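Visitor: This is the content of start_27.pdb (PDB, C-alpha atoms (C1' of nucleotides)):
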```pdb
ATOM      1  CA  MET K   1      93.980  83.990  59.427
ATOM      2  CA  ARG K   2      96.827  85.405  61.488
ATOM      3  CA  ILE K   3      95.960  87.432  64.578
ATOM      4  CA  ALA K   4      98.494  89.325  66.698
ATOM      5  CA  THR K   5      98.569  91.167  70.010
ATOM      6  CA  TRP K   6     101.255  93.663  70.973
ATOM      7  CA  ASN K   7     101.675  95.997  73.901
ATOM      8  CA  VAL K   8     103.671  98.700  72.111
ATOM      9  CA  ASN K   9     104.290 100.975  75.132
ATOM     10  CA  SER K  10     103.708 104.208  73.167
ATOM     11  CA  LEU K  11     102.452 103.987  69.605
ATOM     12  CA  ASN K  12     104.196 107.271  68.842
ATOM     13  CA  VAL K  13     107.618 105.816  69.633
ATOM     14  CA  ARG K  14     106.867 102.370  68.186
ATOM     15  CA  LEU K  15     105.078 103.331  64.954
ATOM     16  CA  PRO K  16     108.142 102.474  62.808
ATOM     17  CA  HIS K  17     108.311  99.046  64.464
ATOM     18  CA  LEU K  18     104.591  98.511  63.937
ATOM     19  CA  LEU K  19     104.780  99.430  60.242
ATOM     20  CA  ASP K  20     107.775  97.100  59.822
ATOM     21  CA  PHE K  21     105.846  94.365  61.639
ATOM     22  CA  LEU K  22     102.810  94.794  59.360
ATOM     23  CA  ALA K  23     104.997  94.657  56.259
ATOM     24  CA  ALA K  24     107.053  91.690  57.468
ATOM     25  CA  GLU K  25     104.347  89.520  59.047
ATOM     26  CA  ALA K  26     101.249  90.616  57.119
ATOM     27  CA  PRO K  27      98.851  89.795  59.972
ATOM     28  CA  ASP K  28      95.120  89.995  59.254
ATOM     29  CA  MET K  29      94.488  91.764  62.545
ATOM     30  CA  VAL K  30      96.576  93.296  65.336
ATOM     31  CA  ALA K  31      95.384  94.309  68.795
ATOM     32  CA  LEU K  32      97.527  97.029  70.360
ATOM     33  CA  GLN K  33      97.794  98.052  74.000
ATOM     34  CA  GLU K  34      99.436 100.972  75.785
ATOM     35  CA  THR K  35      99.193 103.221  72.749
ATOM     36  CA  LYS K  36      99.482 106.233  75.141
ATOM     37  CA  CYS K  37      97.974 108.177  72.290
ATOM     38  CA  PRO K  38      94.988 110.581  72.399
ATOM     39  CA  ASP K  39      92.491 109.834  69.612
ATOM     40  CA  GLU K  40      93.238 113.102  67.798
ATOM     41  CA  ARG K  41      96.871 112.084  67.481
ATOM     42  CA  PHE K  42      96.306 108.461  66.409
ATOM     43  CA  PRO K  43      98.489 107.710  63.330
ATOM     44  CA  ARG K  44      95.514 106.728  61.182
ATOM     45  CA  VAL K  45      96.993 107.891  57.886
ATOM     46  CA  GLU K  46     100.185 105.851  58.201
ATOM     47  CA  ILE K  47      98.388 102.639  59.193
ATOM     48  CA  GLU K  48      95.666 102.994  56.556
ATOM     49  CA  ALA K  49      98.395 103.555  53.962
ATOM     50  CA  ALA K  50      99.738 100.127  54.933
ATOM     51  CA  GLY K  51      96.382  98.641  53.923
ATOM     52  CA  TYR K  52      94.603  98.388  57.275
ATOM     53  CA  HIS K  53      91.430  99.670  58.882
ATOM     54  CA  VAL K  54      91.747 101.138  62.385
ATOM     55  CA  ALA K  55      89.663 101.520  65.532
ATOM     56  CA  PHE K  56      91.045 103.046  68.700
ATOM     57  CA  ALA K  57      90.264 104.178  72.236
ATOM     58  CA  GLY K  58      93.055 106.372  73.544
ATOM     59  CA  GLN K  59      93.860 108.888  76.224
ATOM     60  CA  LYS K  60      96.752 111.153  77.089
ATOM     61  CA  ALA K  61      99.945 109.653  78.590
ATOM     62  CA  TYR K  62      98.578 106.304  79.803
ATOM     63  CA  ASN K  63      96.746 103.193  78.605
ATOM     64  CA  GLY K  64      95.012 103.197  75.214
ATOM     65  CA  VAL K  65      94.011 100.278  72.956
ATOM     66  CA  ALA K  66      93.535  99.915  69.207
ATOM     67  CA  LEU K  67      92.579  97.385  66.556
ATOM     68  CA  ILE K  68      94.204  97.215  63.134
ATOM     69  CA  SER K  69      92.550  94.982  60.537
ATOM     70  CA  ARG K  70      92.625  94.195  56.828
ATOM     71  CA  THR K  71      88.861  93.599  57.071
ATOM     72  CA  PRO K  72      86.572  96.489  58.136
ATOM     73  CA  ILE K  73      85.937  96.910  61.874
ATOM     74  CA  ASN K  74      82.308  97.207  63.010
ATOM     75  CA  ALA K  75      80.110  97.373  66.116
ATOM     76  CA  CYS K  76      82.807  98.788  68.398
ATOM     77  CA  LEU K  77      82.265  98.799  72.155
ATOM     78  CA  PHE K  78      84.630 101.111  74.022
ATOM     79  CA  ASP K  79      83.605 100.507  77.631
ATOM     80  CA  LEU K  80      83.683  97.285  79.603
ATOM     81  CA  PRO K  81      80.097  96.808  80.859
ATOM     82  CA  GLY K  82      79.590  96.549  84.601
ATOM     83  CA  ILE K  83      82.328  98.934  85.706
ATOM     84  CA  VAL K  84      82.793 102.689  85.402
ATOM     85  CA  ASP K  85      86.336 103.156  84.115
ATOM     86  CA  PRO K  86      87.672 106.292  82.443
ATOM     87  CA  GLN K  87      90.904 104.462  81.623
ATOM     88  CA  ARG K  88      90.989 103.282  77.992
ATOM     89  CA  ARG K  89      91.709  99.577  78.382
ATOM     90  CA  PHE K  90      88.947  97.837  76.426
ATOM     91  CA  LEU K  91      87.888  97.645  72.801
ATOM     92  CA  ALA K  92      85.482  95.032  71.455
ATOM     93  CA  ALA K  93      84.544  94.888  67.784
ATOM     94  CA  THR K  94      83.139  92.691  65.046
ATOM     95  CA  ILE K  95      85.539  91.917  62.199
ATOM     96  CA  GLY K  96      84.131  89.721  59.466
ATOM     97  CA  GLU K  97      82.626  86.726  61.248
ATOM     98  CA  LEU K  98      84.796  87.238  64.322
ATOM     99  CA  ARG K  99      84.037  89.008  67.581
ATOM    100  CA  VAL K 100      87.286  90.414  68.982
ATOM    101  CA  VAL K 101      87.868  91.715  72.514
ATOM    102  CA  ASN K 102      91.120  93.629  73.001
ATOM    103  CA  LEU K 103      92.249  94.059  76.625
ATOM    104  CA  TYR K 104      94.799  96.015  78.575
ATOM    105  CA  VAL K 105      94.144  94.584  82.023
ATOM    106  CA  PRO K 106      95.257  96.853  84.913
ATOM    107  CA  ASN K 107      98.745  96.041  86.193
ATOM    108  CA  GLY K 108      97.688  96.042  89.841
ATOM    109  CA  GLU K 109     100.980  97.423  91.198
ATOM    110  CA  ALA K 110     101.240  95.155  94.260
ATOM    111  CA  VAL K 111      99.045  92.486  95.835
ATOM    112  CA  GLY K 112      96.652  94.117  98.297
ATOM    113  CA  SER K 113      97.138  97.682  97.012
ATOM    114  CA  GLU K 114      94.317  99.967  95.917
ATOM    115  CA  LYS K 115      95.274  99.331  92.287
ATOM    116  CA  PHE K 116      95.144  95.599  92.963
ATOM    117  CA  GLY K 117      91.528  96.010  94.067
ATOM    118  CA  TYR K 118      90.820  97.859  90.824
ATOM    119  CA  LYS K 119      92.426  95.009  88.868
ATOM    120  CA  MET K 120      90.259  92.419  90.627
ATOM    121  CA  ALA K 121      87.066  94.435  90.070
ATOM    122  CA  TRP K 122      88.029  94.909  86.421
ATOM    123  CA  LEU K 123      88.635  91.186  85.953
ATOM    124  CA  ASP K 124      85.327  90.324  87.628
ATOM    125  CA  ALA K 125      83.502  92.702  85.264
ATOM    126  CA  LEU K 126      85.379  91.135  82.346
ATOM    127  CA  ILE K 127      84.360  87.604  83.353
ATOM    128  CA  ALA K 128      80.702  88.647  83.593
ATOM    129  CA  PHE K 129      80.871  90.409  80.224
ATOM    130  CA  LEU K 130      82.535  87.483  78.449
ATOM    131  CA  ARG K 131      80.016  85.014  79.863
ATOM    132  CA  ASP K 132      77.339  86.951  77.923
ATOM    133  CA  GLU K 133      79.552  87.594  74.923
ATOM    134  CA  LEU K 134      80.154  83.854  74.456
ATOM    135  CA  VAL K 135      76.396  83.350  74.233
ATOM    136  CA  ARG K 136      76.129  86.008  71.528
ATOM    137  CA  HIS K 137      79.233  85.079  69.521
ATOM    138  CA  ARG K 138      80.391  81.573  68.654
ATOM    139  CA  ARG K 139      83.616  82.854  67.046
ATOM    140  CA  LEU K 140      85.183  84.927  69.817
ATOM    141  CA  ILE K 141      88.816  85.948  70.319
ATOM    142  CA  VAL K 142      89.895  87.614  73.576
ATOM    143  CA  LEU K 143      93.447  88.912  73.432
ATOM    144  CA  GLY K 144      95.796  91.471  74.848
ATOM    145  CA  ASP K 145      97.979  92.240  77.840
ATOM    146  CA  PHE K 146      96.327  90.387  80.725
ATOM    147  CA  ASN K 147      99.075  91.225  83.235
ATOM    148  CA  ILE K 148      98.705  87.660  84.544
ATOM    149  CA  ALA K 149     101.210  84.819  84.167
ATOM    150  CA  PRO K 150      98.864  81.830  84.507
ATOM    151  CA  GLY K 151     101.292  79.170  85.738
ATOM    152  CA  GLU K 152     104.743  78.567  87.184
ATOM    153  CA  GLU K 153     105.979  77.605  83.727
ATOM    154  CA  ASP K 154     105.079  81.121  82.581
ATOM    155  CA  THR K 155     107.892  82.798  84.542
ATOM    156  CA  HIS K 156     111.651  82.388  84.255
ATOM    157  CA  ASP K 157     111.946  81.953  88.021
ATOM    158  CA  PRO K 158     108.794  80.682  89.755
ATOM    159  CA  LYS K 159     110.210  81.173  93.250
ATOM    160  CA  ARG K 160     110.976  84.806  92.602
ATOM    161  CA  TRP K 161     107.511  85.524  91.186
ATOM    162  CA  GLU K 162     105.451  83.293  93.488
ATOM    163  CA  GLY K 163     102.603  85.169  95.141
ATOM    164  CA  GLY K 164     103.666  88.509  93.675
ATOM    165  CA  ILE K 165     101.858  90.762  91.261
ATOM    166  CA  MET K 166     100.796  88.993  88.032
ATOM    167  CA  CYS K 167     101.319  85.609  89.727
ATOM    168  CA  SER K 168      99.127  85.735  92.834
ATOM    169  CA  PRO K 169      96.491  83.039  93.414
ATOM    170  CA  SER K 170      93.622  85.511  93.073
ATOM    171  CA  GLU K 171      94.863  86.762  89.689
ATOM    172  CA  ARG K 172      95.545  83.250  88.434
ATOM    173  CA  SER K 173      92.138  82.051  89.556
ATOM    174  CA  ARG K 174      90.531  84.873  87.528
ATOM    175  CA  PHE K 175      92.475  83.718  84.469
ATOM    176  CA  PHE K 176      91.233  80.151  84.904
ATOM    177  CA  GLU K 177      87.690  81.448  85.394
ATOM    178  CA  LEU K 178      88.028  82.931  81.914
ATOM    179  CA  LEU K 179      89.072  79.554  80.536
ATOM    180  CA  ASP K 180      86.209  77.876  82.401
ATOM    181  CA  LEU K 181      83.765  80.080  80.487
ATOM    182  CA  GLY K 182      84.781  78.160  77.374
ATOM    183  CA  LEU K 183      87.900  79.949  76.199
ATOM    184  CA  ILE K 184      91.139  78.269  75.136
ATOM    185  CA  ASP K 185      94.645  79.523  75.987
ATOM    186  CA  THR K 186      95.890  78.983  72.434
ATOM    187  CA  VAL K 187      99.609  79.330  73.175
ATOM    188  CA  ARG K 188      99.570  76.831  76.040
ATOM    189  CA  GLU K 189      97.485  74.434  73.961
ATOM    190  CA  LEU K 190      99.926  74.653  71.037
ATOM    191  CA  ARG K 191     103.120  74.630  73.133
ATOM    192  CA  PRO K 192     102.301  72.625  76.274
ATOM    193  CA  GLU K 193     105.932  72.116  77.275
ATOM    194  CA  SER K 194     107.561  75.384  76.236
ATOM    195  CA  ALA K 195     108.793  78.253  78.347
ATOM    196  CA  LEU K 196     107.432  81.126  76.260
ATOM    197  CA  TYR K 197     107.558  84.695  77.469
ATOM    198  CA  THR K 198     106.073  87.895  76.041
ATOM    199  CA  TRP K 199     107.410  90.532  78.463
ATOM    200  CA  TRP K 200     110.896  91.276  79.742
ATOM    201  CA  ASP K 201     111.658  94.142  82.129
ATOM    202  CA  TYR K 202     113.717  96.961  80.646
ATOM    203  CA  ARG K 203     115.945  96.810  83.716
ATOM    204  CA  LEU K 204     118.901  94.594  84.622
ATOM    205  CA  ASN K 205     119.410  93.402  81.048
ATOM    206  CA  ALA K 206     116.428  91.124  81.550
ATOM    207  CA  PHE K 207     115.809  90.391  77.867
ATOM    208  CA  ALA K 208     119.383  89.248  77.186
ATOM    209  CA  ARG K 209     119.105  86.951  80.223
ATOM    210  CA  ASN K 210     115.619  85.817  79.127
ATOM    211  CA  TRP K 211     114.198  86.874  82.493
ATOM    212  CA  GLY K 212     110.699  87.022  81.049
ATOM    213  CA  ILE K 213     107.113  86.165  81.856
ATOM    214  CA  ARG K 214     104.089  85.229  79.728
ATOM    215  CA  ILE K 215     101.401  87.848  80.358
ATOM    216  CA  ASP K 216     100.101  88.541  76.831
ATOM    217  CA  HIS K 217      97.529  86.021  75.682
ATOM    218  CA  VAL K 218      95.273  85.020  72.804
ATOM    219  CA  LEU K 219      92.165  83.158  73.968
ATOM    220  CA  CYS K 220      89.512  81.782  71.628
ATOM    221  CA  SER K 221      86.137  80.089  71.777
ATOM    222  CA  THR K 222      85.896  76.399  70.955
ATOM    223  CA  ASP K 223      84.523  77.018  67.456
ATOM    224  CA  LEU K 224      87.926  78.391  66.466
ATOM    225  CA  GLN K 225      90.996  76.269  65.815
ATOM    226  CA  ALA K 226      94.469  77.644  66.561
ATOM    227  CA  GLU K 227      97.097  76.071  64.316
ATOM    228  CA  ASP K 228     100.361  77.780  65.211
ATOM    229  CA  CYS K 229     101.808  80.604  67.290
ATOM    230  CA  GLU K 230     104.928  82.716  67.451
ATOM    231  CA  VAL K 231     106.423  85.170  69.922
ATOM    232  CA  GLY K 232     108.190  87.839  67.856
ATOM    233  CA  LYS K 233     111.338  88.123  69.952
ATOM    234  CA  LYS K 234     113.131  89.897  67.108
ATOM    235  CA  TRP K 235     110.878  92.920  67.751
ATOM    236  CA  ARG K 236     111.871  92.953  71.429
ATOM    237  CA  ALA K 237     115.516  92.912  70.278
ATOM    238  CA  GLN K 238     115.165  96.027  68.094
ATOM    239  CA  GLU K 239     116.637  99.381  69.043
ATOM    240  CA  ARG K 240     114.297 101.232  71.396
ATOM    241  CA  PRO K 241     111.884  98.298  71.684
ATOM    242  CA  SER K 242     108.658  97.935  73.573
ATOM    243  CA  ASP K 243     109.144  95.855  76.715
ATOM    244  CA  HIS K 244     106.650  93.366  75.191
ATOM    245  CA  ALA K 245     107.128  91.181  72.111
ATOM    246  CA  PRO K 246     104.214  90.727  69.698
ATOM    247  CA  LEU K 247     102.395  87.393  69.891
ATOM    248  CA  THR K 248     100.907  86.021  66.662
ATOM    249  CA  VAL K 249      98.470  83.099  66.431
ATOM    250  CA  GLN K 250      97.503  81.391  63.186
ATOM    251  CA  PHE K 251      93.911  80.151  63.073
ATOM    252  CA  ALA K 252      92.206  77.811  60.630
ATOM    253  CA  GLY K 253      89.940  79.579  58.155
ATOM    254  CA  GLU K 254      89.466  83.219  57.267
ATOM    255  CA  ILE K 255      88.085  86.179  59.187
ATOM    256  CA  ALA K 256      85.188  86.371  56.766
ATOM    257  CA  GLY K 257      84.063  82.953  58.021
TER
ATOM    258  C1'  DA T   1     117.803  90.205  91.583
ATOM    259  C1'  DT T   2     114.928  94.201  96.220
ATOM    260  C1'  DG T   3     118.085  97.323  92.032
ATOM    261  C1'  DG T   4     117.005  99.138  87.986
ATOM    262  C1'  DT T   5     114.762 101.373  82.673
ATOM    263  C1'  DT T   6     111.472 103.536  79.780
ATOM    264  C1'  DG T   7     107.488 106.820  78.327
ATOM    265  C1'  DT T   8     105.058 110.857  79.151
ATOM    266  C1'  DA T   9     106.038 115.289  79.773
ATOM    267  C1'  DC T  10     109.255 118.325  82.326
ATOM    268  C1'  DG T  11     108.205 116.378  88.126
ATOM    269  C1'  DA T  12     106.363 112.267  89.269
ATOM    270  C1'  DC T  13     103.981 108.538  88.203
ATOM    271  C1'  DA T  14     103.048 104.144  85.942
ATOM    272  C1'  DA T  15     104.762  99.948  84.469
TER
END
```
Just give me the structure of the file as structure tokens.
Guide:
Amino acid sequence: MRIATWNVNSLNVRLPHLLDFLAAEAPDMVALQETKCPDERFPRVEIEAAGYHVAFAGQKAYNGVALISRTPINACLFDLPGIVDPQRRFLAATIGELRVVNLYVPNGEAVGSEKFGYKMAWLDALIAFLRDELVRHRRLIVLGDFNIAPGEEDTHDPKRWEGGIMCSPSERSRFFELLDLGLIDTVRELRPESALYTWWDYRLNAFARNWGIRIDHVLCSTDLQAEDCEVGKKWRAQERPSDHAPLTVQFAGEIAG
DNA sequence: ATGGTTGTACGACAA
């Protein structure tokens, strides 16, 4: 099975790219973030016509997550337990024999800001939730835009990013707490030596210079085996791209189990 | 590298 995550930064603008991606890559499941799309305007018809089921949690202008799957999507949970959050950043669901948790972790703006405190509280609630979820589900995938670059090798310029937002010790320690629960960073496991990025700033021609960072992740429980991964840089190179590339991970076996 | 771009929605905020 092939599982992808993609922060599309407006599903309305990026729907043609998404439909091209589905046709070209034929993933079994895609987790989307930053759909910026209220539920009543979600492009259900177009995505279902491509042969996929949909589940979504959107809001006007900001945030918004969705799941797109060839296999029906069941038992959706739209709110991260343990925190009251009107922002649509979380969508957990059961797909075949998989439990999938799609995340759009708060950006945090700047270390020490009010939004940074929200990010830390959100991550702490996530860690508590996933500790329970791993007890309930042996085949668990946690994926999305984490807004955390786990290590120095995950930025194009460690000195520039050191201690800043997405790279601070408190954010990185939360990421490693997630791994310590029993989750695997599939991309780092598959490509231990590679500089792989998933996000490049729109500004300063950052993509052409490969000034990127790795903040989108696919984590899995130890019952699952990741076989291969790919960052879809060609989608970041399109006209009017998202600032994130899609990340696809190939797992052994099928969604049905 | 300390500026700059994009999306939403039409000014200002979020990223």
Visitor: Please provide the set of residues having any atom within 8 Å of stretch 2-15 of chain T, restricted to all atoms listed in the file, with same-chain residues fewer than 4 positions apart removed, written as a PyMOL selection string.
Guide: chain K and resi 9-10+61-62+107+201-204
Visitor: Distance atom CA of K:Pro38-atom CA of K:Gln87, one decimal place?
Guide: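 According to the coordinates, atom CA of K:Pro38 and atom CA of K:Gln87 are separated by 11.8 Å.
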Visitor: If we count all atoms listed in the file, what is near K:Gln225 at a cut-off of 9 Å, once residues fewer than 4 positions away on the same chain are taken out, given as a ChimeraX atom specification?
Guide: /K:186,220-221,250-253
Visitor: Would you work out the distance separating atom CA of K:Gly96 from atom CA of K:Val84, expressed in Å to one decimal?
Guide: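 One can read the atom CA of K:Gly96 to atom CA of K:Val84 distance as 29.0 Å.
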Visitor: What is the atom CA of K:Ile215 to atom CA of K:Thr198 distance in Å?
Guide: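 One can read the atom CA of K:Ile215 to atom CA of K:Thr198 distance as 6.4 Å.
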Visitor: Let me make sure I understand: among K:Val249, K:Ile83, K:Gln238, K:Ser194, which one has the smallest atom-to-atom distance to K:Ala226 if we use only C-alpha atoms?
Guide: K:Val249
Visitor: Write out as a PyMOL selection string every residue belonging to chain K that has an atom at most 12 Å from any atom of chain T, counting all atoms listed in the file.
Guide: chain K and resi 7-14+34-37+59-63+106-110+115+147+157+159-161+165+199-206+209+211+240-244
Visitor: Could you tell me which residues the PyMOL selection byres ((chain K and resi 103) around 12) returns for this structure, as a ChimeraX atom specification?
Guide: /K:5-7,31-34,57,63-67,77-80,87-93,100-102,104-107,122-123,126,130,141-147,215-219
Visitor: With distances taken over only C-alpha atoms, which residue among K:Gly58, K:Gly163, K:Gly151, K:Pro27 lies nearest K:Phe42?
Guide: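 The shortest atom-to-atom distance to K:Phe42 comes from K:Gly58.
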Visitor: Find, counting all atoms listed in the file, the residue in K:Ser170, K:Glu162, K:Asp85, K:Ala75 that gets nearest to K:Met120.
Guide: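 For K:Met120, the nearest of the given residues is K:Ser170.
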Visitor: Could you write out as an MDAnalysis selection string the residues that the PyMOL selection byres ((chain K and resi 48) around 12) matches in the shown file?
Guide: chainID K and resid 19 22 42:47 49:55 67:72
Visitor: Could the residues in this selection be saved with C-alpha atoms as a PDB file, in the coordinates of the input?
Guide:
```pdb
ATOM      1  CA  LEU K  19     104.780  99.430  60.242  1.00  0.00           C
ATOM      2  CA  LEU K  22     102.810  94.794  59.360  1.00  0.00           C
ATOM      3  CA  PHE K  42      96.306 108.461  66.409  1.00  0.00           C
ATOM      4  CA  PRO K  43      98.489 107.710  63.330  1.00  0.00           C
ATOM      5  CA  ARG K  44      95.514 106.728  61.182  1.00  0.00           C
ATOM      6  CA  VAL K  45      96.993 107.891  57.886  1.00  0.00           C
ATOM      7  CA  GLU K  46     100.185 105.851  58.201  1.00  0.00           C
ATOM      8  CA  ILE K  47      98.388 102.639  59.193  1.00  0.00           C
ATOM      9  CA  ALA K  49      98.395 103.555  53.962  1.00  0.00           C
ATOM     10  CA  ALA K  50      99.738 100.127  54.933  1.00  0.00           C
ATOM     11  CA  GLY K  51      96.382  98.641  53.923  1.00  0.00           C
ATOM     12  CA  TYR K  52      94.603  98.388  57.275  1.00  0.00           C
ATOM     13  CA  HIS K  53      91.430  99.670  58.882  1.00  0.00           C
ATOM     14  CA  VAL K  54      91.747 101.138  62.385  1.00  0.00           C
ATOM     15  CA  ALA K  55      89.663 101.520  65.532  1.00  0.00           C
ATOM     16  CA  LEU K  67      92.579  97.385  66.556  1.00  0.00           C
ATOM     17  CA  ILE K  68      94.204  97.215  63.134  1.00  0.00           C
ATOM     18  CA  SER K  69      92.550  94.982  60.537  1.00  0.00           C
ATOM     19  CA  ARG K  70      92.625  94.195  56.828  1.00  0.00           C
ATOM     20  CA  THR K  71      88.861  93.599  57.071  1.00  0.00           C
ATOM     21  CA  PRO K  72      86.572  96.489  58.136  1.00  0.00           C
TER      22      PRO K  72
END
```
Visitor: Run through the PyMOL selection byres ((chain K and resi 247) around 7) on the given coordinates and return the selected residues as a VMD selection string.
Guide: chain K and resid 4 to 6 230 to 232 245 to 246 248 to 249
Visitor: Quick one: write out the picked residues with C-alpha atoms as a PDB file, in the frame of the given file?
Guide:
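Generated file (part-v4.pdb):
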```pdb
ATOM      1  CA  ALA K   4      98.494  89.325  66.698  1.00  0.00           C
ATOM      2  CA  THR K   5      98.569  91.167  70.010  1.00  0.00           C
ATOM      3  CA  TRP K   6     101.255  93.663  70.973  1.00  0.00           C
ATOM      4  CA  GLU K 230     104.928  82.716  67.451  1.00  0.00           C
ATOM      5  CA  VAL K 231     106.423  85.170  69.922  1.00  0.00           C
ATOM      6  CA  GLY K 232     108.190  87.839  67.856  1.00  0.00           C
ATOM      7  CA  ALA K 245     107.128  91.181  72.111  1.00  0.00           C
ATOM      8  CA  PRO K 246     104.214  90.727  69.698  1.00  0.00           C
ATOM      9  CA  THR K 248     100.907  86.021  66.662  1.00  0.00           C
ATOM     10  CA  VAL K 249      98.470  83.099  66.431  1.00  0.00           C
TER      11      VAL K 249
END
```
Visitor: Could you check the closest approach to K:Ile148 for each of K:Leu15, K:Cys167, K:Ala256, K:Ile95 and tell me which residue wins, using all atoms listed in the file?
Guide: K:Cys167
Visitor: Tell me which protein, DNA and RNA residues are within 9 Å of K:Arg131, counting all atoms listed in the file, leaving out same-chain ones fewer than 3 positions away, and put them as a PyMOL selection string.
Guide: chain K and resi 126-128+134-135+178+181-182
Visitor: Taking the block just given, write stretch 204-217 of chain K to a file that holds N, CA, C and O atoms, as a short mmCIF file (atom, residue, chain, number, x, y, z; two decimals), in the first residue's frame.
Guide:
```
data_model
loop_
_atom_site.label_atom_id
_atom_site.label_comp_id
_atom_site.auth_asym_id
_atom_site.auth_seq_id
_atom_site.Cartn_x
_atom_site.Cartn_y
_atom_site.Cartn_z
N LEU K 204 12.36 34.30 -1.74
CA LEU K 204 13.81 34.26 -1.99
C LEU K 204 14.23 33.08 -2.87
O LEU K 204 15.36 32.60 -2.78
N ASN K 205 13.29 32.62 -3.71
CA ASN K 205 13.64 31.54 -4.64
C ASN K 205 14.16 30.30 -3.90
O ASN K 205 15.09 29.62 -4.35
N ALA K 206 13.56 30.05 -2.75
CA ALA K 206 14.10 29.01 -1.87
C ALA K 206 14.07 27.62 -2.50
O ALA K 206 15.00 26.83 -2.29
N PHE K 207 13.04 27.32 -3.27
CA PHE K 207 12.97 25.97 -3.85
C PHE K 207 14.10 25.74 -4.85
O PHE K 207 14.75 24.69 -4.83
N ALA K 208 14.33 26.72 -5.73
CA ALA K 208 15.40 26.57 -6.73
C ALA K 208 16.75 26.40 -6.05
O ALA K 208 17.64 25.71 -6.56
N ARG K 209 16.92 27.03 -4.88
CA ARG K 209 18.19 26.91 -4.15
C ARG K 209 18.21 25.71 -3.21
O ARG K 209 19.20 25.49 -2.51
N ASN K 210 17.09 24.98 -3.19
CA ASN K 210 16.91 23.85 -2.25
C ASN K 210 17.12 24.27 -0.80
O ASN K 210 17.68 23.52 0.01
N TRP K 211 16.66 25.48 -0.47
CA TRP K 211 16.64 25.91 0.94
C TRP K 211 15.37 25.36 1.57
O TRP K 211 14.38 26.06 1.71
N GLY K 212 15.42 24.08 1.92
CA GLY K 212 14.22 23.41 2.43
C GLY K 212 14.41 22.87 3.83
O GLY K 212 15.52 22.91 4.39
N ILE K 213 13.33 22.37 4.40
CA ILE K 213 13.39 21.65 5.67
C ILE K 213 12.40 20.48 5.62
O ILE K 213 11.47 20.47 4.81
N ARG K 214 12.65 19.49 6.46
CA ARG K 214 11.79 18.29 6.50
C ARG K 214 10.86 18.40 7.70
O ARG K 214 11.27 18.15 8.84
N ILE K 215 9.62 18.81 7.43
CA ILE K 215 8.64 19.00 8.52
C ILE K 215 7.38 18.16 8.32
O ILE K 215 6.54 18.12 9.21
N ASP K 216 7.24 17.52 7.17
CA ASP K 216 6.12 16.60 6.94
C ASP K 216 6.62 15.18 7.16
O ASP K 216 7.69 14.81 6.67
N HIS K 217 5.86 14.40 7.90
CA HIS K 217 6.35 13.09 8.33
C HIS K 217 5.28 12.02 8.21
O HIS K 217 4.08 12.31 8.29
#
```
